[in-house]
$ cat coords_17.cif   # mmCIF, C-alpha atoms and all ligand atoms
data_run
#
loop_
_atom_site.label_atom_id
_atom_site.label_comp_id
_atom_site.auth_asym_id
_atom_site.auth_seq_id
_atom_site.Cartn_x
_atom_site.Cartn_y
_atom_site.Cartn_z
CA MET N 22 123.68 120.34 100.56
CA SER N 23 120.15 121.66 101.15
CA TRP N 24 118.01 120.60 104.11
CA GLU N 25 115.99 118.56 101.66
CA ASP N 26 119.06 116.56 100.56
CA LYS N 27 119.65 115.62 104.20
CA LEU N 28 116.25 113.96 104.62
CA ARG N 29 115.77 110.23 104.43
CA VAL N 30 114.42 109.16 101.04
CA VAL N 31 110.80 108.13 101.40
CA GLU N 32 108.62 106.58 98.76
CA PRO N 33 105.05 107.29 99.91
CA TYR N 34 102.50 104.52 99.79
CA ILE N 35 99.88 105.17 97.12
CA SER N 36 96.69 104.21 98.86
CA GLY N 37 93.52 103.18 97.07
CA GLU N 38 91.92 106.47 96.17
CA GLN N 39 88.80 107.80 97.84
CA PRO N 40 86.87 109.07 94.80
CA LYS N 41 85.59 112.62 94.81
CA MET N 42 82.91 111.93 92.21
CA ASP N 43 79.39 110.94 93.20
CA HIS N 44 77.74 107.81 91.89
CA MET N 45 80.88 105.70 91.87
CA ILE N 46 80.66 102.02 92.74
CA LYS N 47 83.65 101.99 95.06
CA LEU N 48 85.28 98.57 95.06
CA ASN N 49 88.96 99.48 95.49
CA THR N 50 89.77 99.41 99.21
CA ASN N 51 87.92 96.39 100.60
CA GLU N 52 85.48 98.29 102.76
CA ASN N 53 82.25 96.70 103.94
CA PRO N 54 79.22 97.66 101.80
CA TYR N 55 76.89 97.31 104.79
CA PRO N 56 76.82 99.98 107.50
CA ALA N 57 77.47 99.19 111.13
CA SER N 58 74.35 98.51 113.19
CA HIS N 59 71.95 100.57 115.28
CA ALA N 60 73.93 99.48 118.34
CA ILE N 61 76.86 101.52 117.01
CA LYS N 62 74.59 104.49 116.35
CA ALA N 63 73.25 104.24 119.91
CA ALA N 64 76.79 104.15 121.30
CA LEU N 65 77.65 107.31 119.36
CA GLU N 66 74.50 109.05 120.55
CA ALA N 67 75.33 108.19 124.15
CA ILE N 68 78.65 110.04 123.96
CA THR N 69 78.59 113.20 126.05
CA THR N 70 80.92 116.17 125.72
CA ASP N 71 82.17 115.89 129.32
CA LYS N 72 83.88 112.66 128.31
CA LEU N 73 85.59 114.49 125.46
CA SER N 74 87.26 117.12 127.63
CA ILE N 75 89.35 114.52 129.45
CA TYR N 76 92.02 112.21 128.02
CA PRO N 77 90.88 108.72 127.09
CA ASN N 78 92.04 105.56 128.88
CA SER N 79 95.40 105.35 127.16
CA ASP N 80 95.48 101.54 127.00
CA ALA N 81 91.77 101.21 126.05
CA GLU N 82 91.44 98.78 128.96
CA GLU N 83 87.73 98.06 128.71
CA LEU N 84 87.93 97.30 124.98
CA ARG N 85 91.08 95.31 125.60
CA SER N 86 89.26 93.10 128.14
CA ALA N 87 86.27 92.65 125.84
CA LEU N 88 88.56 91.52 123.00
CA ALA N 89 90.52 89.22 125.31
CA LYS N 90 87.26 87.61 126.42
CA MET N 91 86.06 87.22 122.84
CA TRP N 92 89.25 85.39 121.83
CA ASN N 93 89.68 83.51 125.10
CA LEU N 94 92.98 85.23 125.87
CA ASP N 95 94.38 87.24 128.77
CA ASP N 96 94.16 91.06 128.69
CA SER N 97 97.98 91.14 128.65
CA GLN N 98 97.87 89.48 125.21
CA ILE N 99 96.05 92.38 123.53
CA PHE N 100 97.31 95.70 122.17
CA ILE N 101 94.96 98.23 120.54
CA GLY N 102 95.85 100.97 118.05
CA ASN N 103 94.31 103.34 115.52
CA GLY N 104 93.73 100.83 112.73
CA SER N 105 95.90 97.82 112.00
CA ASP N 106 98.16 99.94 109.78
CA GLU N 107 99.21 101.82 112.90
CA VAL N 108 99.58 98.59 114.89
CA LEU N 109 101.74 97.16 112.09
CA SER N 110 103.83 100.31 111.90
CA LEU N 111 104.48 100.17 115.64
CA SER N 112 105.23 96.44 115.37
CA PHE N 113 107.87 97.08 112.69
CA LEU N 114 109.45 99.69 114.94
CA THR N 115 109.30 97.40 117.97
CA PHE N 116 110.28 94.00 116.60
CA PHE N 117 112.33 94.40 113.43
CA ASN N 118 115.73 95.58 114.44
CA GLY N 119 118.27 92.96 113.37
CA GLN N 120 121.22 92.88 110.97
CA THR N 121 119.77 90.27 108.63
CA PRO N 122 116.76 91.14 106.43
CA ILE N 123 113.18 90.48 107.43
CA LEU N 124 111.39 88.12 105.04
CA MET N 125 108.04 88.57 103.29
CA PRO N 126 106.35 87.10 100.20
CA ASP N 127 106.89 88.99 96.93
CA VAL N 128 103.11 89.25 96.44
CA THR N 129 101.70 90.77 99.61
CA TYR N 130 100.33 93.96 101.23
CA PRO N 131 102.62 96.67 99.79
CA PHE N 132 102.61 98.70 103.01
CA TYR N 133 105.20 96.34 104.55
CA THR N 134 108.01 97.60 102.33
CA THR N 135 106.90 101.20 102.96
CA TYR N 136 107.33 100.75 106.74
CA ALA N 137 110.61 98.89 106.28
CA ASP N 138 112.02 101.68 104.08
CA LEU N 139 110.81 104.35 106.49
CA TYR N 140 112.42 102.69 109.51
CA GLY N 141 115.60 101.60 107.70
CA ILE N 142 114.77 97.88 108.07
CA LYS N 143 116.39 95.53 105.54
CA TYR N 144 113.98 93.19 103.83
CA LYS N 145 113.98 90.36 101.33
CA LYS N 146 111.01 89.34 99.23
CA GLN N 147 110.63 85.58 98.82
CA PRO N 148 108.90 84.35 95.65
CA VAL N 149 105.45 82.81 95.90
CA ASP N 150 104.77 79.77 93.71
CA ASP N 151 102.61 79.64 90.56
CA THR N 152 99.45 79.49 92.66
CA PHE N 153 100.60 82.47 94.78
CA HIS N 154 101.36 80.26 97.81
CA MET N 155 104.35 80.87 100.09
CA GLN N 156 107.09 78.22 100.05
CA LEU N 157 108.26 76.98 103.44
CA GLN N 158 111.92 76.56 102.47
CA SER N 159 112.13 80.29 101.64
CA TYR N 160 111.49 81.06 105.30
CA GLN N 161 114.15 78.77 106.70
CA GLU N 162 117.08 81.08 106.10
CA GLU N 163 118.55 83.41 108.72
CA ASN N 164 116.25 86.43 109.24
CA SER N 165 115.34 89.21 111.65
CA GLY N 166 111.63 88.59 111.42
CA ILE N 167 108.85 87.51 109.07
CA ILE N 168 105.69 89.33 107.98
CA PHE N 169 102.83 88.23 105.75
CA CYS N 170 99.06 88.57 105.55
CA ASN N 171 96.79 85.57 105.84
CA PRO N 172 94.44 85.63 103.97
CA CYS N 173 96.71 87.43 101.54
CA ASN N 174 95.89 90.84 100.14
CA PRO N 175 95.76 91.01 97.09
CA THR N 176 95.38 87.31 96.18
CA GLY N 177 92.76 86.42 98.82
CA ILE N 178 94.25 82.96 99.34
CA VAL N 179 94.92 81.36 102.73
CA GLU N 180 98.01 79.49 103.95
CA PRO N 181 96.77 76.57 106.08
CA LEU N 182 97.54 76.27 109.79
CA ASP N 183 99.96 73.35 109.34
CA PHE N 184 102.08 75.56 107.06
CA ILE N 185 102.05 78.34 109.67
CA ASP N 186 102.88 75.88 112.45
CA ALA N 187 105.87 74.58 110.46
CA LEU N 188 107.01 78.13 109.65
CA LEU N 189 106.85 79.12 113.33
CA ALA N 190 108.58 75.92 114.45
CA SER N 191 111.57 76.71 112.23
CA ASN N 192 111.71 80.39 113.26
CA SER N 193 111.57 80.28 117.05
CA ASN N 194 114.25 82.97 117.34
CA SER N 195 112.42 85.57 115.21
CA ILE N 196 109.18 87.48 115.60
CA VAL N 197 106.62 86.30 113.04
CA ILE N 198 103.81 88.80 112.33
CA ILE N 199 100.68 87.46 110.67
CA ASP N 200 98.38 90.21 109.45
CA GLU N 201 94.85 88.78 109.68
CA ALA N 202 92.93 91.83 108.42
CA TYR N 203 90.61 89.51 106.43
CA ALA N 204 90.52 86.47 108.74
CA ASP N 205 86.90 87.15 109.76
CA PHE N 206 85.90 86.07 106.24
CA ALA N 207 88.16 83.02 106.16
CA GLY N 208 87.01 80.76 108.96
CA GLN N 209 90.65 80.23 109.94
CA THR N 210 92.92 82.08 112.34
CA ALA N 211 96.35 81.44 113.82
CA ILE N 212 95.07 82.47 117.29
CA PRO N 213 95.19 78.86 118.64
CA LEU N 214 98.94 78.86 117.86
CA LEU N 215 99.51 81.67 120.38
CA ASP N 216 99.53 78.98 123.11
CA LYS N 217 102.46 77.31 121.42
CA TYR N 218 104.61 80.21 120.15
CA ASP N 219 105.56 83.29 122.17
CA ASN N 220 107.20 84.84 119.07
CA LEU N 221 103.89 85.05 117.14
CA ILE N 222 102.11 88.39 116.69
CA ILE N 223 98.72 88.48 114.95
CA THR N 224 97.07 91.72 113.83
CA ARG N 225 93.35 92.21 113.29
CA THR N 226 91.15 95.13 112.24
CA PHE N 227 87.68 96.60 112.80
CA SER N 228 87.76 98.06 109.25
CA LYS N 229 86.54 95.11 107.20
CA ALA N 230 84.08 92.63 108.74
CA ARG N 231 82.99 95.13 111.41
CA SER N 232 82.14 97.96 108.93
CA LEU N 233 84.22 100.46 110.90
CA ALA N 234 86.99 101.64 108.56
CA GLY N 235 86.05 105.24 109.42
CA ILE N 236 86.77 104.74 113.11
CA ARG N 237 90.35 103.39 112.93
CA LEU N 238 90.68 100.46 115.29
CA GLY N 239 93.26 97.71 114.98
CA VAL N 240 94.56 95.05 117.34
CA ALA N 241 97.72 93.05 117.97
CA LEU N 242 97.51 89.69 119.74
CA GLY N 243 100.50 87.84 121.12
CA SER N 244 102.23 86.44 124.16
CA PRO N 245 102.21 88.71 127.24
CA LEU N 246 105.98 89.22 126.76
CA ALA N 247 105.76 90.21 123.09
CA ILE N 248 102.75 92.48 123.68
CA SER N 249 104.53 94.19 126.59
CA LYS N 250 107.26 95.24 124.10
CA LEU N 251 104.63 97.04 122.00
CA TYR N 252 103.45 98.92 125.09
CA ASP N 253 107.08 99.86 125.89
CA VAL N 254 107.42 101.53 122.48
CA LYS N 255 103.95 103.10 122.54
CA ASN N 256 104.54 104.57 125.97
CA SER N 257 107.86 106.08 124.90
CA PHE N 258 105.87 108.31 122.54
CA ASN N 259 102.95 109.19 124.83
CA SER N 260 100.95 108.88 121.64
CA TYR N 261 99.45 106.07 119.54
CA CYS N 262 96.50 106.37 121.88
CA VAL N 263 93.02 105.30 120.75
CA ASP N 264 90.47 108.08 121.28
CA TYR N 265 87.45 107.79 123.55
CA VAL N 266 84.88 107.70 120.72
CA ALA N 267 86.67 104.84 118.96
CA GLN N 268 86.90 102.89 122.23
CA GLU N 269 83.15 103.22 122.83
CA VAL N 270 82.27 102.28 119.25
CA GLY N 271 84.65 99.33 119.38
CA LEU N 272 82.97 98.02 122.53
CA ALA N 273 79.54 98.38 120.95
CA SER N 274 80.76 96.41 117.94
CA ILE N 275 82.03 93.54 120.11
CA ASN N 276 78.62 93.42 121.79
CA ASP N 277 76.89 93.29 118.42
CA GLN N 278 78.45 90.15 116.98
CA THR N 279 75.21 88.83 115.46
CA LEU N 280 74.96 91.62 112.92
CA VAL N 281 78.67 91.38 112.11
CA ASP N 282 78.27 87.65 111.43
CA LEU N 283 75.20 88.26 109.24
CA ASN N 284 77.09 90.79 107.12
CA ILE N 285 80.05 88.41 106.78
CA ALA N 286 77.69 85.65 105.58
CA LYS N 287 76.04 88.00 103.05
CA ILE N 288 79.42 89.10 101.67
CA ILE N 289 80.68 85.51 101.37
CA ALA N 290 77.50 84.44 99.56
CA THR N 291 77.83 87.37 97.12
CA ARG N 292 81.55 86.62 96.60
CA ASN N 293 80.89 82.95 95.80
CA TRP N 294 78.09 83.75 93.34
CA PHE N 295 80.06 86.62 91.73
CA GLY N 296 83.17 84.41 91.40
CA LYS N 297 81.25 81.68 89.56
CA GLU N 298 79.74 84.23 87.18
CA LEU N 299 83.21 85.67 86.47
CA GLU N 300 84.51 82.20 85.62
CA LYS N 301 81.64 81.77 83.17
CA LEU N 302 82.82 84.98 81.48
CA GLY N 303 86.33 83.51 81.13
CA PHE N 304 88.14 85.24 83.99
CA VAL N 305 90.76 83.27 85.96
CA ILE N 306 90.07 83.66 89.67
CA THR N 307 91.91 82.67 92.86
CA ASP N 308 90.24 80.86 95.75
CA SER N 309 89.68 84.05 97.74
CA GLN N 310 88.67 83.66 101.40
CA THR N 311 88.14 87.40 101.83
CA ASN N 312 85.72 90.22 100.94
CA PHE N 313 87.34 90.69 97.54
CA VAL N 314 88.17 88.68 94.43
CA PHE N 315 91.48 88.62 92.60
CA ILE N 316 91.01 87.98 88.89
CA GLN N 317 92.97 87.78 85.69
CA SER N 318 91.41 89.31 82.63
CA PRO N 319 91.26 86.85 79.71
CA LEU N 320 91.86 89.48 77.06
CA SER N 321 92.82 92.88 78.30
CA SER N 322 95.60 94.31 80.47
CA ALA N 323 94.69 95.13 84.06
CA LYS N 324 95.34 98.82 83.46
CA ASN N 325 93.00 98.89 80.47
CA LEU N 326 90.30 97.09 82.43
CA TYR N 327 90.74 99.48 85.37
CA GLU N 328 90.48 102.51 83.08
CA LYS N 329 87.41 101.23 81.26
CA MET N 330 85.71 100.44 84.54
CA TYR N 331 86.61 103.87 85.92
CA GLU N 332 84.94 105.48 82.90
CA ALA N 333 81.88 103.40 83.77
CA HIS N 334 82.09 104.76 87.35
CA ILE N 335 83.29 101.50 88.87
CA ILE N 336 86.53 101.84 90.78
CA ILE N 337 88.72 98.77 91.36
CA ARG N 338 92.44 98.16 92.04
CA TYR N 339 95.30 97.11 89.76
CA TRP N 340 99.08 97.08 90.16
CA ASP N 341 101.88 97.96 87.78
CA LYS N 342 104.02 95.12 89.15
CA PRO N 343 105.60 92.31 87.14
CA ARG N 344 104.05 89.27 88.84
CA ILE N 345 100.49 90.63 89.01
CA SER N 346 100.34 93.17 86.20
CA ASN N 347 97.40 91.49 84.49
CA TRP N 348 95.39 90.86 87.66
CA VAL N 349 92.85 93.14 89.29
CA ARG N 350 91.25 93.11 92.73
CA ILE N 351 87.54 93.83 93.11
CA THR N 352 85.98 94.36 96.54
CA ILE N 353 82.67 92.60 97.11
CA GLY N 354 79.93 95.22 97.39
CA THR N 355 76.19 94.73 97.68
CA GLU N 356 74.53 92.17 95.42
CA GLU N 357 73.09 94.99 93.32
CA GLU N 358 76.50 96.60 92.87
CA MET N 359 78.01 93.28 91.82
CA ARG N 360 75.22 92.70 89.29
CA ASN N 361 76.14 96.07 87.74
CA VAL N 362 79.81 95.05 87.68
CA LEU N 363 78.96 91.74 86.00
CA ALA N 364 76.82 93.46 83.38
CA PHE N 365 79.73 95.80 82.64
CA LEU N 366 82.25 92.95 82.44
CA ALA N 367 80.04 90.83 80.16
CA GLU N 368 79.78 93.74 77.71
CA PHE N 369 83.48 94.52 78.04
CA ILE N 370 84.45 90.94 77.13
CA GLN N 371 82.14 91.05 74.08
CA GLN N 372 83.71 94.30 72.86
CA GLU N 373 87.27 93.02 73.35
CA LYS N 374 86.71 89.86 71.30
N1 LIG N 401 96.49 94.77 106.39
C1 LIG N 401 95.96 94.46 105.20
C2 LIG N 401 96.38 93.20 104.55
C3 LIG N 401 95.04 95.33 104.59
O1 LIG N 401 94.55 95.04 103.39
C4 LIG N 401 94.67 96.51 105.26
C5 LIG N 401 93.67 97.46 104.64
N2 LIG N 401 94.06 98.04 103.48
C6 LIG N 401 95.25 96.79 106.49
C7 LIG N 401 96.16 95.90 107.03
C8 LIG N 401 94.98 98.05 107.23
O2 LIG N 401 93.70 98.15 107.70
P1 LIG N 401 93.28 99.17 108.82
O3 LIG N 401 94.42 100.13 109.04
O4 LIG N 401 92.07 99.84 108.29
O5 LIG N 401 93.01 98.36 110.04
#
$ encode --input "coords_17.cif" --output "structure tokens" --more "lines below"
Ligand code: PMP
Amino acid sequence: MSWEDKLRVVEPYISGEQPKMDHMIKLNTNENPYPASHAIKAALEAITTDKLSIYPNSDAEELRSALAKMWNLDDSQIFIGNGSDEVLSLSFLTFFNGQTPILMPDVTYPFYTTYADLYGIKYKKQPVDDTFHMQLQSYQEENSGIIFCNPCNPTGIVEPLDFIDALLASNSNSIVIIDEAYADFAGQTAIPLLDKYDNLIITRTFSKARSLAGIRLGVALGSPLAISKLYDVKNSFNSYCVDYVAQEVGLASINDQTLVDLNIAKIIATRNWFGKELEKLGFVITDSQTNFVFIQSPLSSAKNLYEKMYEAHIIIRYWDKPRISNWVRITIGTEEEMRNVLAFLAEFIQQEK
């Protein structure tokens, strides 16, 4: 047996590609089309090299306090990592350790199964209904934890708070992780439920609404007890530490909420207009509460649509998966970008007829 045969079998996650070509309209990884503000630029310019020769505050305490204040929580309820993917990865390692499978919807962020496979965690995918909603009864069987995103990536739809409350009430002996990467666009968060459930972990990100995907900042929120378990695992590695530059930029972003809110409003307005135009062209579209739309092509397969758009220098996302194989996800870019996309789609539909 070679050394290679002795390794664990890993299926790498195929991330949305970062195109090498110029002049692409990049609408495949749900980034914000608007840059972060001058306040962020000023924070970067204020960084001096003497701060870079020493280790950063390993628990990002100042940023942690600012976030706690923003959400009306205690500092002990906040954990910060390098992007929410890292926070989720650490959460899987920390919380999902039982004999029974963890549960997740069958249409969800594909990274969850990647982490589970990597860490040897058993999982079971529970079917969503015809409208892509989770079904409460599927989450009432014995489990070692539950994970889902709300709003959901890729469908964009939101499970209401009474559903989440009921799910938590019937799972008080499991950790429930709700990935709220897109909650800033949704006007709904499970944060108020943290008072009621000490087994709830919520993750958030600076990558989407805050225009900071290049900085890598993600957050977990939970009860002081649950969050302390994340610190126990983090500190066993002496790693997973957020660097000084990211901490400073994160703080500047928290202090610059007005611009963040303006960009959110612009993106939502563009999404609503774009969605209506797509419906006029005959596309089926979900009620997305995010910075992307999830649409079903009336005529063509998702792969064909993706390829045709790629040739036209517009990059979107599709999946070769049974339940969603004729759906594509398009990130909301600037209004001008979306006008170009619409013009392309209108012509595409004409040609397909
Ligand atoms: N969760 C969901 C549902 C996402 O779509 C993403 C971004 N692809 C992430 C987490 C990770 O975001 P980040 O690591 O940039 O915080």
$ closest_residue --input "coords_17.cif" --among "N:Cys173, N:Met45, N:Ile212, N:Leu188" --to "ligand LIG 401 (chain N)" --atoms "only C-alpha atoms and all ligand atoms"
N:Cys173
$ residues_near_ligand --input "coords_17.cif" --ligand "ligand LIG 401 (chain N)" --cutoff "7 Å" --atoms "only C-alpha atoms and all ligand atoms" --output "list in words"
Thr50, Asn51, Gly104, Ser105, Asp106, Glu107, Tyr130, Cys170, Cys173, Asn174, Asp200, Glu201, Ala202, Arg225, Thr226, Phe227, Ser228, Ala234, Arg237, Leu238 and Gly239 of chain N
$ write_last_selection --input "coords_17.cif" --atoms "C-alpha atoms" --output "PDB file, in the coordinates of the input"
ATOM      1  CA  THR N  50      89.770  99.410  99.210  1.00  0.00           C
ATOM      2  CA  ASN N  51      87.920  96.390 100.600  1.00  0.00           C
ATOM      3  CA  GLY N 104      93.730 100.830 112.730  1.00  0.00           C
ATOM      4  CA  SER N 105      95.900  97.820 112.000  1.00  0.00           C
ATOM      5  CA  ASP N 106      98.160  99.940 109.780  1.00  0.00           C
ATOM      6  CA  GLU N 107      99.210 101.820 112.900  1.00  0.00           C
ATOM      7  CA  TYR N 130     100.330  93.960 101.230  1.00  0.00           C
ATOM      8  CA  CYS N 170      99.060  88.570 105.550  1.00  0.00           C
ATOM      9  CA  CYS N 173      96.710  87.430 101.540  1.00  0.00           C
ATOM     10  CA  ASN N 174      95.890  90.840 100.140  1.00  0.00           C
ATOM     11  CA  ASP N 200      98.380  90.210 109.450  1.00  0.00           C
ATOM     12  CA  GLU N 201      94.850  88.780 109.680  1.00  0.00           C
ATOM     13  CA  ALA N 202      92.930  91.830 108.420  1.00  0.00           C
ATOM     14  CA  ARG N 225      93.350  92.210 113.290  1.00  0.00           C
ATOM     15  CA  THR N 226      91.150  95.130 112.240  1.00  0.00           C
ATOM     16  CA  PHE N 227      87.680  96.600 112.800  1.00  0.00           C
ATOM     17  CA  SER N 228      87.760  98.060 109.250  1.00  0.00           C
ATOM     18  CA  ALA N 234      86.990 101.640 108.560  1.00  0.00           C
ATOM     19  CA  ARG N 237      90.350 103.390 112.930  1.00  0.00           C
ATOM     20  CA  LEU N 238      90.680 100.460 115.290  1.00  0.00           C
ATOM     21  CA  GLY N 239      93.260  97.710 114.980  1.00  0.00           C
TER      22      GLY N 239
END
$ atom_distance --input "coords_17.cif" --atom1 "atom CA of N:Asn325" --atom2 "atom CA of N:Phe369"
10.8 Å
$ atom_distance --input "coords_17.cif" --atom1 "atom CA of N:Ile196" --atom2 "atom CA of N:Thr311"
25.1 Å
$ atom_distance --input "coords_17.cif" --atom1 "atom CA of N:Ser257" --atom2 "atom CA of N:Ile236"
24.2 Å
$ closest_atom_pairs --input "coords_17.cif" --of "stretch 92-185 of chain N" --to "stretch 267-274 of chain N" --cutoff "12 Å" --atoms "all atoms listed in the file" --output "tab-separated table"
residue	atom	partner	partner_atom	distance
N:Ile101	CA	N:Gln268	CA	9.5
N:Gly102	CA	N:Ala267	CA	10.0
N:Asn103	CA	N:Ala267	CA	8.5
N:Gly104	CA	N:Ala267	CA	10.2
$ closest_residue --input "coords_17.cif" --among "N:Lys146, N:His44, N:Lys229, N:Arg344" --to "N:Ile168" --atoms "all atoms listed in the file"
N:Lys146
$ closest_residue --input "coords_17.cif" --among "N:Thr115, N:Glu373, N:Ser232, N:Val31" --to "N:Gln278" --atoms "only C-alpha atoms"
N:Ser232
$ closest_residue --input "coords_17.cif" --among "N:Asn259, N:Asn49, N:Asn312, N:Thr135" --to "N:Ile288" --atoms "all atoms listed in the file"
N:Asn312
$ closest_residue --input "coords_17.cif" --among "N:Ile316, N:Leu124, N:Ile275, N:Ala187" --to "N:Glu163" --atoms "only C-alpha atoms"
N:Leu124
$ residues_around --input "coords_17.cif" --residues "N:Phe313" --least-positions-apart "3" --cutoff "8 Å" --atoms "only C-alpha atoms" --output "compact mmCIF listing (two decimals) with C-alpha atoms, in the frame of the given file"
# COMPACT_ATOMS: atom_id res chain seq x y z
CA ASN N 51 87.92 96.39 100.60
CA GLY N 177 92.76 86.42 98.82
CA ARG N 292 81.55 86.62 96.60
CA SER N 309 89.68 84.05 97.74
CA ARG N 350 91.25 93.11 92.73
CA ILE N 351 87.54 93.83 93.11
CA THR N 352 85.98 94.36 96.54
CA ILE N 353 82.67 92.60 97.11
$ closest_residue --input "coords_17.cif" --among "N:Met22, N:Leu299, N:Ile306, N:Val349" --to "N:Ala364" --atoms "only C-alpha atoms"
N:Leu299
$ residues_around --input "coords_17.cif" --residues "N:Leu182" --least-positions-apart "2" --cutoff "8 Å" --atoms "all atoms listed in the file" --output "mmCIF file with C-alpha atoms, in the coordinates of the input"
data_model
loop_
_atom_site.group_PDB
_atom_site.id
_atom_site.type_symbol
_atom_site.label_atom_id
_atom_site.label_comp_id
_atom_site.auth_asym_id
_atom_site.auth_seq_id
_atom_site.Cartn_x
_atom_site.Cartn_y
_atom_site.Cartn_z
ATOM 1 C CA GLU N 180 98.010 79.490 103.950
ATOM 2 C CA PHE N 184 102.080 75.560 107.060
ATOM 3 C CA ILE N 185 102.050 78.340 109.670
ATOM 4 C CA ASP N 186 102.880 75.880 112.450
ATOM 5 C CA GLN N 209 90.650 80.230 109.940
ATOM 6 C CA THR N 210 92.920 82.080 112.340
ATOM 7 C CA ALA N 211 96.350 81.440 113.820
#
$ residues_around --input "coords_17.cif" --residues "N:Met155" --least-positions-apart "6" --cutoff "10 Å" --atoms "all atoms listed in the file" --output "PyMOL selection string"
chain N and resi 125-128+147-149+169+179-180+184
$ write_last_selection --input "coords_17.cif" --atoms "C-alpha atoms" --output "short mmCIF file (atom, residue, chain, number, x, y, z; two decimals), in the coordinates of the input"
data_model
loop_
_atom_site.label_atom_id
_atom_site.label_comp_id
_atom_site.auth_asym_id
_atom_site.auth_seq_id
_atom_site.Cartn_x
_atom_site.Cartn_y
_atom_site.Cartn_z
CA MET N 125 108.04 88.57 103.29
CA PRO N 126 106.35 87.10 100.20
CA ASP N 127 106.89 88.99 96.93
CA VAL N 128 103.11 89.25 96.44
CA GLN N 147 110.63 85.58 98.82
CA PRO N 148 108.90 84.35 95.65
CA VAL N 149 105.45 82.81 95.90
CA PHE N 169 102.83 88.23 105.75
CA VAL N 179 94.92 81.36 102.73
CA GLU N 180 98.01 79.49 103.95
CA PHE N 184 102.08 75.56 107.06
#
$ residues_around --input "coords_17.cif" --residues "N:Asp43" --least-positions-apart "3" --cutoff "10 Å" --atoms "all atoms listed in the file" --output "short mmCIF file (atom, residue, chain, number, x, y, z; two decimals) with C-alpha atoms, keeping the file's coordinate frame"
data_model
loop_
_atom_site.label_atom_id
_atom_site.label_comp_id
_atom_site.auth_asym_id
_atom_site.auth_seq_id
_atom_site.Cartn_x
_atom_site.Cartn_y
_atom_site.Cartn_z
CA PRO N 40 86.87 109.07 94.80
CA ILE N 46 80.66 102.02 92.74
CA HIS N 334 82.09 104.76 87.35
#
